Amino acid sequence: MTDLVVRGGALLVDGVERRADVRVVDGVIAEVGADLGGGTVLDAGGCWVLPGFVDLHTHLRQPGREEAETVETGARAAALGGFTAVVAMPNTSPCMDSAGVVREVLELGREAACEVLASAAITVDRAGEALAPMAELAALGVRIFTDDGTGVQDDRLMRRALEYARGLGVTLAQHCEVTSLSEGTCMHEGAWSSRLGLPGQPAEAEELMVMRDIALARLTGGRIHFQHLSTAGSVAMVRAARAAGLPVTAEATTHHLLLTDACVASYDPVFKVHPPLRTDADVAAVRAGLADGTIDAVATDHAPHTTEDKERPFDQAPPGMLGLETALALLLTDVVGEADPAADGPPPVTLARTLDALTARPAAIAGIADRHGGPVAPGRPANLCVVDPAAVWTVDPLRSASRSRNTPYAGRRLTGRVRHTISGGVPVVIDGEARR
Amino acid sequence: MRHLLSIADLGADGITEVLELTDAFVEVSARAIPKVPALRGRTVAWLFYEDSTRTRLSFEAAARRLSADTMNFSVGSSSVNKGESLLDTARTIQAMGVDCIVVRHGSAGVPWQLARWLDCSVVNAGDGWHEHPTQALLDCYTLRAHLGSLADRHVVIVGDIVHSRVARSNVAAFTALGATVTLVAPPTLLPAHLDGWPVAVSHDLDAVLPTADVVYLLRMQLERQHEALVPSLREYTATYGLTARRAARLGAEALIMHPGPMNRGVEIAAEVADLPRSVVLEQVSNGVAVRMAVLFLLLGADPPSSAPDPTEATP
C-alpha cells in the first residue's frame, strides 16, 4: 500500500480557494480534509491542488522523429506542465493508422510520466483517400480520430467517416484547412503577409472547412471536435452550431490566445505554426470564445522540431512550437482576468473557466472523465497537479524536458508554476523536478 | 550602417545619403581606369541562391572598382546541394574572413536570419517577394538624375506587384522621397491587404497614364497564367501592357522604367522599350555606382558622415 499526503494546499471550487489536505492511497484519492497524516508528505503550502490537466493535442513524434521528441521526453514535459494525460497526434512516421503503430505508442506510454492516449488517423496514411480501420483501432482504446496536420478534404469521405464513427461512439477531430486555398503558404494572409512578402493563407481556408463540417455534423449526427481554431469566423460558427444543439466541440491553442501574425516580422521560424498566427481581432475572438465556453478546451499543439529544422528559411521551416511546459503559466500570466462589472469590453476569461478548459472539458472530449479532469474528491483516481500561483520564473529553453527547443517564449517572465504532479497516484514531478 | 536589409532601414535621409555618395562613384565609373582603392583588403562574398546574372555582375563590378576582393559562393555547384543548411553555409563563408555577404534568396527574410547569426555585414540583393533595396536605390538615382527631385512626382508601378520585391522596395523608396505612387494591376496581382501602404490603386492603366511622370513596368512571368492569376498573357498585355498606343498617351516628359529582364511584347512593347524616354539601360549603369556607394558606406574606413573622398587616385 502506498500512502501520500498533499499537505497545506487549497482546492479550487468554482474558482474559490478552500484549504484542504489530500490523502492518496494506492493511486486513489482516499480522503480530502483538514490536517491529514500519512506516509510521504508533499508540501503544498500556498498552492492550489488541482485535477491534472488534459492536453487534447500533443505531438510526441515517436515513431519516426525521435531526434525531435519521444513519448518519454514529451510525457515528461507534459508532467512538468501539470498534465496527467495527453492525446498523442497520429502524424508520426509511420502514421498511427494501424493497430501495430497505435499499440507501439501505447506500449511506450506505459512507462511515461503521464497517461499517453493514442489518437489515430481517420484515413490511411492521412492521405484523405480511404478510411483507416477505425473499429479495430477503437477496440484498442482510441477515442479520437484525426488526420491532424491536414484536414479531410473530400466531402463524401468526411461524411462517411462521421457516420462510421457514430456507430463506434468515437469523436472525429478535424484540422480545418482547405488545402486548395492554403497550399504553398506559410503565414496568415493579411496586412503583415502583404508587407513581408510571404505567401499567406486567408482565414477562410480554415472557416470553409469549419462551415462544411458543421453541415456534415448536422447531416450525420456524428461528433466533431474542431482542433486549434484560430479565426473569429470559426469561433462564431461554432458558437452558432452549439446554440443549434449540434454535437460539436472545439479547442484553441495557447499561442492562438496570445500571439499574432505581427510576430512573423522577425522572420524567425519559431513563430511559424499551423494554423498560422492570426490578427489581434482573431485573438480577441478566440479569447471571447474561451470565456463563454464556445472554445471548450485549451490545447497546447506541442509540436517539437529540431533546431536545424527551425533554422531554415521561414517558408521552408516546418510549422509548430513547444507548449506543454509553458501553457498554464502563460494562461495565468496573460489570459486569466476577473470579471469587473464596471469595465466595458468583452468578458474576461475567468480562472475557473481556464481551469475547466484544462481539465474537465478536455477529459470529457477525450473520453477519460472517469479518471481525469476532476473533481478532487475521495474515490477518484489520483491524477493531480499542485500549482504555486505566485511563483515567478523565466522560460529557459535549455531547461526544457523536451528534446526540442522551439519555444517562442524564451526569456519571458511568467507568474504561476507547477510544483508537483501526481499521475495515477505516483508523484512524477516533485518541487518542479521530474521524477520519471 | 552595418547591414542593408530594407529601404525602411535607410529612411529618407539614408536614401539621400546613398544617392549623394553615388554621384562620386558615377564619376569614378566614367574614368579611363574606373578603379579606386577605397575597399582594398576588404572581402565581399556573393551568396546567390537564385539565378541572377545582372544583379550579381553589377555587385561584382562595384566591388572590383572599389578594389575589394570578392568570393563567389556558387550555390548550384556547392555543398548546399549536398544538404548543407543555410546557417552552416553562412558560418562557413564567414569563417573564411569575409567582411560582407551579399545574399539573394528565394525565401523572404533570409537576409534578416543571416544578420542575426553573423558578425559581418549583410546586403540584401533580393529576398523572395519581399525587398530588393539596391534596385530601389538605383531607380531613385536614375529618377533624380532626370527629374531633379521625386517630390510630388507621380510614379505609376504596373504589373505583378504581389510577387515583386522590386515593387515593395520601390514603394517605400519613392514615397520616402516624396513621390505619389499608384499601383496598377488586376486585383489578383496585388497584395491581399494594402492597409498602411502609402499608395493609390487603380485597375485602369489608361486612366492614370496622362498624369504619370514615370511608368515603372514589372516583369510579367509566364507562370502567372497557370496559377489563374490572369486568364492569359495576351489578355494581360491588352489590359496592362505598355503598348505603343498607350505610350502615346504619356506626357511629353514622362519616363519609362523596367528592372529587367524585359518581356518584350508582354508588359512592354518592343518599340516602346527602345523609345528615348525609356531609361532601362541607364538604370543598369547607375546600378554599379549605387552598389559602390552601398558597399562603401558599409565597409569604407571613414564613416560616411565625415565626407569621405572615395575618388582619391590610386597611388
# chains A, B, ... in the order shown; residues from 1 in each chain; ligands from 1
>>> select_by_dssp(residues="range 89-240 of chain B", states="strand (DSSP E)", output="CSV table (one decimal) with N, CA and C atoms, in the first residue's frame")
chain,number,residue,atom,x,y,z
B,100,CYS,N,31.7,41.1,-45.7
B,100,CYS,CA,30.3,41.4,-46.2
B,100,CYS,C,29.8,40.2,-47.0
B,101,ILE,N,28.5,39.8,-46.7
B,101,ILE,CA,27.9,38.8,-47.6
B,101,ILE,C,26.7,39.5,-48.3
B,102,VAL,N,26.8,39.4,-49.6
B,102,VAL,CA,25.7,39.9,-50.4
B,102,VAL,C,24.8,38.7,-50.8
B,103,VAL,N,23.6,38.7,-50.3
B,103,VAL,CA,22.8,37.5,-50.4
B,103,VAL,C,21.5,37.7,-51.3
B,104,ARG,N,21.2,36.8,-52.1
B,104,ARG,CA,19.9,36.7,-52.8
B,104,ARG,C,19.4,35.3,-52.5
B,105,HIS,N,18.1,35.3,-52.1
B,105,HIS,CA,17.5,34.0,-51.7
B,105,HIS,C,16.0,34.1,-52.1
B,121,SER,N,28.8,42.2,-42.3
B,121,SER,CA,27.7,43.0,-42.9
B,121,SER,C,26.9,42.1,-43.8
B,122,VAL,N,25.7,42.4,-43.9
B,122,VAL,CA,24.8,41.6,-44.9
B,122,VAL,C,24.1,42.6,-45.8
B,123,VAL,N,24.2,42.4,-47.1
B,123,VAL,CA,23.4,43.2,-48.0
B,123,VAL,C,22.4,42.3,-48.7
B,124,ASN,N,21.1,42.8,-48.7
B,124,ASN,CA,20.0,42.1,-49.3
B,124,ASN,C,20.0,42.4,-50.8
B,125,ALA,N,20.3,41.4,-51.6
B,125,ALA,CA,20.3,41.5,-53.0
B,125,ALA,C,19.0,40.9,-53.6
B,126,GLY,N,18.0,40.9,-52.7
B,126,GLY,CA,16.7,40.3,-53.2
B,126,GLY,C,16.3,39.1,-52.3
B,127,ASP,N,15.2,39.2,-51.6
B,127,ASP,CA,14.7,38.1,-50.8
B,127,ASP,C,13.3,37.8,-51.1
B,154,HIS,N,4.6,61.8,-59.9
B,154,HIS,CA,3.6,60.7,-59.9
B,154,HIS,C,4.2,59.5,-60.5
B,155,VAL,N,4.5,58.5,-59.7
B,155,VAL,CA,5.1,57.2,-60.3
B,155,VAL,C,4.0,56.2,-60.3
B,156,VAL,N,3.9,55.6,-61.5
B,156,VAL,CA,2.9,54.5,-61.7
B,156,VAL,C,3.6,53.2,-61.9
B,157,ILE,N,3.4,52.3,-60.9
B,157,ILE,CA,4.0,51.0,-61.0
B,157,ILE,C,3.0,50.0,-61.5
B,158,VAL,N,3.3,49.3,-62.6
B,158,VAL,CA,2.4,48.5,-63.3
B,158,VAL,C,2.8,47.0,-63.3
B,180,THR,N,4.3,60.5,-55.3
B,180,THR,CA,3.0,59.9,-55.2
B,180,THR,C,3.1,58.6,-56.0
B,181,VAL,N,2.6,57.5,-55.4
B,181,VAL,CA,2.7,56.2,-56.2
B,181,VAL,C,1.3,55.6,-56.4
B,182,THR,N,1.1,55.2,-57.6
B,182,THR,CA,-0.1,54.5,-57.9
B,182,THR,C,0.3,53.1,-58.4
B,183,LEU,N,-0.3,52.1,-57.8
B,183,LEU,CA,-0.1,50.7,-58.3
B,183,LEU,C,-1.2,50.3,-59.2
B,184,VAL,N,-0.8,49.8,-60.4
B,184,VAL,CA,-1.8,49.4,-61.4
B,184,VAL,C,-1.7,47.9,-61.7
B,199,VAL,N,-0.1,54.3,-50.9
B,199,VAL,CA,-0.2,54.3,-52.4
B,199,VAL,C,-1.7,54.4,-52.8
B,200,ALA,N,-1.9,54.8,-54.0
B,200,ALA,CA,-3.3,54.7,-54.6
B,200,ALA,C,-3.2,53.4,-55.5
B,201,VAL,N,-4.4,52.9,-55.7
B,201,VAL,CA,-4.5,51.6,-56.5
B,201,VAL,C,-5.5,51.9,-57.7
B,202,SER,N,-5.1,51.4,-58.8
B,202,SER,CA,-6.1,51.5,-60.0
B,202,SER,C,-6.0,50.2,-60.8
B,214,VAL,N,6.3,59.0,-64.4
B,214,VAL,CA,7.1,57.8,-64.6
B,214,VAL,C,6.2,56.6,-64.7
B,215,VAL,N,6.4,55.8,-65.6
B,215,VAL,CA,5.7,54.5,-65.7
B,215,VAL,C,6.7,53.4,-65.4
B,216,TYR,N,6.6,52.7,-64.4
B,216,TYR,CA,7.5,51.6,-64.0
B,216,TYR,C,6.9,50.3,-64.2
B,217,LEU,N,7.4,49.5,-65.2
B,217,LEU,CA,6.8,48.3,-65.6
B,217,LEU,C,7.5,47.1,-64.9
>>> interface_residues(of="chain B", to="chain A", cutoff="6 Å", atoms="only C-alpha atoms", output="PyMOL selection string")
chain B and resi 109-110+129-130+191+193
>>> write_last_selection(atoms="C-alpha atoms", output="PDB file, in the first residue's frame")
ATOM      1  CA  GLY B 109      13.544  37.085 -44.647  1.00  0.00           C
ATOM      2  CA  VAL B 110      16.766  35.145 -45.228  1.00  0.00           C
ATOM      3  CA  TRP B 129       8.841  38.659 -52.866  1.00  0.00           C
ATOM      4  CA  HIS B 130       9.979  40.958 -50.110  1.00  0.00           C
ATOM      5  CA  PRO B 191      -1.141  42.068 -52.237  1.00  0.00           C
ATOM      6  CA  HIS B 193      -4.110  43.709 -47.851  1.00  0.00           C
TER       7      HIS B 193
END
>>> residues_around(residues="Asp282 in chain A", least_positions_apart="6", cutoff="7 Å", atoms="only C-alpha atoms", output="JSON, numbers by chain")
{"A": [230, 231, 232]}
>>> write_last_selection(atoms="N, CA and C atoms", output="short mmCIF file (atom, residue, chain, number, x, y, z; two decimals), in the first residue's frame")
data_model
loop_
_atom_site.label_atom_id
_atom_site.label_comp_id
_atom_site.auth_asym_id
_atom_site.auth_seq_id
_atom_site.Cartn_x
_atom_site.Cartn_y
_atom_site.Cartn_z
N SER A 230 -8.60 29.21 -34.95
CA SER A 230 -7.72 30.38 -34.90
C SER A 230 -8.38 31.66 -35.41
N THR A 231 -9.60 31.58 -35.93
CA THR A 231 -10.16 32.80 -36.51
C THR A 231 -11.48 33.18 -35.85
N ALA A 232 -11.78 34.47 -35.94
CA ALA A 232 -13.03 34.99 -35.37
C ALA A 232 -14.23 34.31 -36.04
#
>>> atom_distance(atom1="CA of Thr188 in chain B", atom2="CA of Leu229 in chain B")
5.4 Å
>>> residues_around(residues="Glu433 in chain A", least_positions_apart="5", cutoff="12 Å", atoms="only C-alpha atoms", output="list in words")
Arg76, Ala77, Ala79, Leu80, Gly81, Gly82, Ala113, Arg399, Ser400, Ala401, Arg417, Val418, Arg419, His420, Thr421, Pro427 and Val428 of chain A
>>> write_last_selection(atoms="N, CA and C atoms", output="mmCIF file, in the first residue's frame")
data_model
loop_
_atom_site.group_PDB
_atom_site.id
_atom_site.type_symbol
_atom_site.label_atom_id
_atom_site.label_comp_id
_atom_site.auth_asym_id
_atom_site.auth_seq_id
_atom_site.Cartn_x
_atom_site.Cartn_y
_atom_site.Cartn_z
ATOM 1 N N ARG A 76 7.299 13.644 -20.166
ATOM 2 C CA ARG A 76 7.966 14.305 -19.043
ATOM 3 C C ARG A 76 7.698 15.815 -19.095
ATOM 4 N N ALA A 77 7.793 16.372 -20.284
ATOM 5 C CA ALA A 77 7.470 17.804 -20.432
ATOM 6 C C ALA A 77 6.020 18.057 -20.023
ATOM 7 N N ALA A 79 4.216 16.311 -17.837
ATOM 8 C CA ALA A 79 4.093 16.224 -16.380
ATOM 9 C C ALA A 79 4.616 17.498 -15.723
ATOM 10 N N LEU A 80 5.721 18.029 -16.245
ATOM 11 C CA LEU A 80 6.272 19.270 -15.694
ATOM 12 C C LEU A 80 5.317 20.442 -15.891
ATOM 13 N N GLY A 81 4.478 20.339 -16.909
ATOM 14 C CA GLY A 81 3.485 21.383 -17.154
ATOM 15 C C GLY A 81 2.175 21.141 -16.437
ATOM 16 N N GLY A 82 2.100 20.071 -15.636
ATOM 17 C CA GLY A 82 0.887 19.792 -14.871
ATOM 18 C C GLY A 82 -0.106 18.877 -15.564
ATOM 19 N N ALA A 113 5.618 9.522 -17.933
ATOM 20 C CA ALA A 113 5.340 10.329 -16.743
ATOM 21 C C ALA A 113 3.893 10.801 -16.669
ATOM 22 N N ARG A 399 16.403 24.385 -20.434
ATOM 23 C CA ARG A 399 15.970 23.587 -19.298
ATOM 24 C C ARG A 399 14.738 22.746 -19.619
ATOM 25 N N SER A 400 14.235 22.857 -20.842
ATOM 26 C CA SER A 400 13.033 22.109 -21.188
ATOM 27 C C SER A 400 13.308 20.607 -21.159
ATOM 28 N N ALA A 401 12.304 19.839 -20.732
ATOM 29 C CA ALA A 401 12.422 18.383 -20.762
ATOM 30 C C ALA A 401 12.239 17.846 -22.169
ATOM 31 N N ARG A 417 3.460 28.477 -11.392
ATOM 32 C CA ARG A 417 4.301 27.365 -11.810
ATOM 33 C C ARG A 417 3.806 26.068 -11.193
ATOM 34 N N VAL A 418 3.921 24.989 -11.969
ATOM 35 C CA VAL A 418 3.559 23.677 -11.461
ATOM 36 C C VAL A 418 4.640 23.225 -10.482
ATOM 37 N N ARG A 419 4.202 22.851 -9.284
ATOM 38 C CA ARG A 419 5.174 22.426 -8.280
ATOM 39 C C ARG A 419 5.259 20.900 -8.220
ATOM 40 N N HIS A 420 4.106 20.242 -8.086
ATOM 41 C CA HIS A 420 4.099 18.781 -8.079
ATOM 42 C C HIS A 420 3.065 18.274 -9.085
ATOM 43 N N THR A 421 3.345 17.104 -9.650
ATOM 44 C CA THR A 421 2.339 16.433 -10.473
ATOM 45 C C THR A 421 2.251 14.982 -10.013
ATOM 46 N N PRO A 427 3.927 10.403 -7.510
ATOM 47 C CA PRO A 427 4.443 11.769 -7.705
ATOM 48 C C PRO A 427 5.523 11.774 -8.786
ATOM 49 N N VAL A 428 5.153 12.193 -9.989
ATOM 50 C CA VAL A 428 6.090 12.178 -11.119
ATOM 51 C C VAL A 428 6.864 13.483 -11.223
#
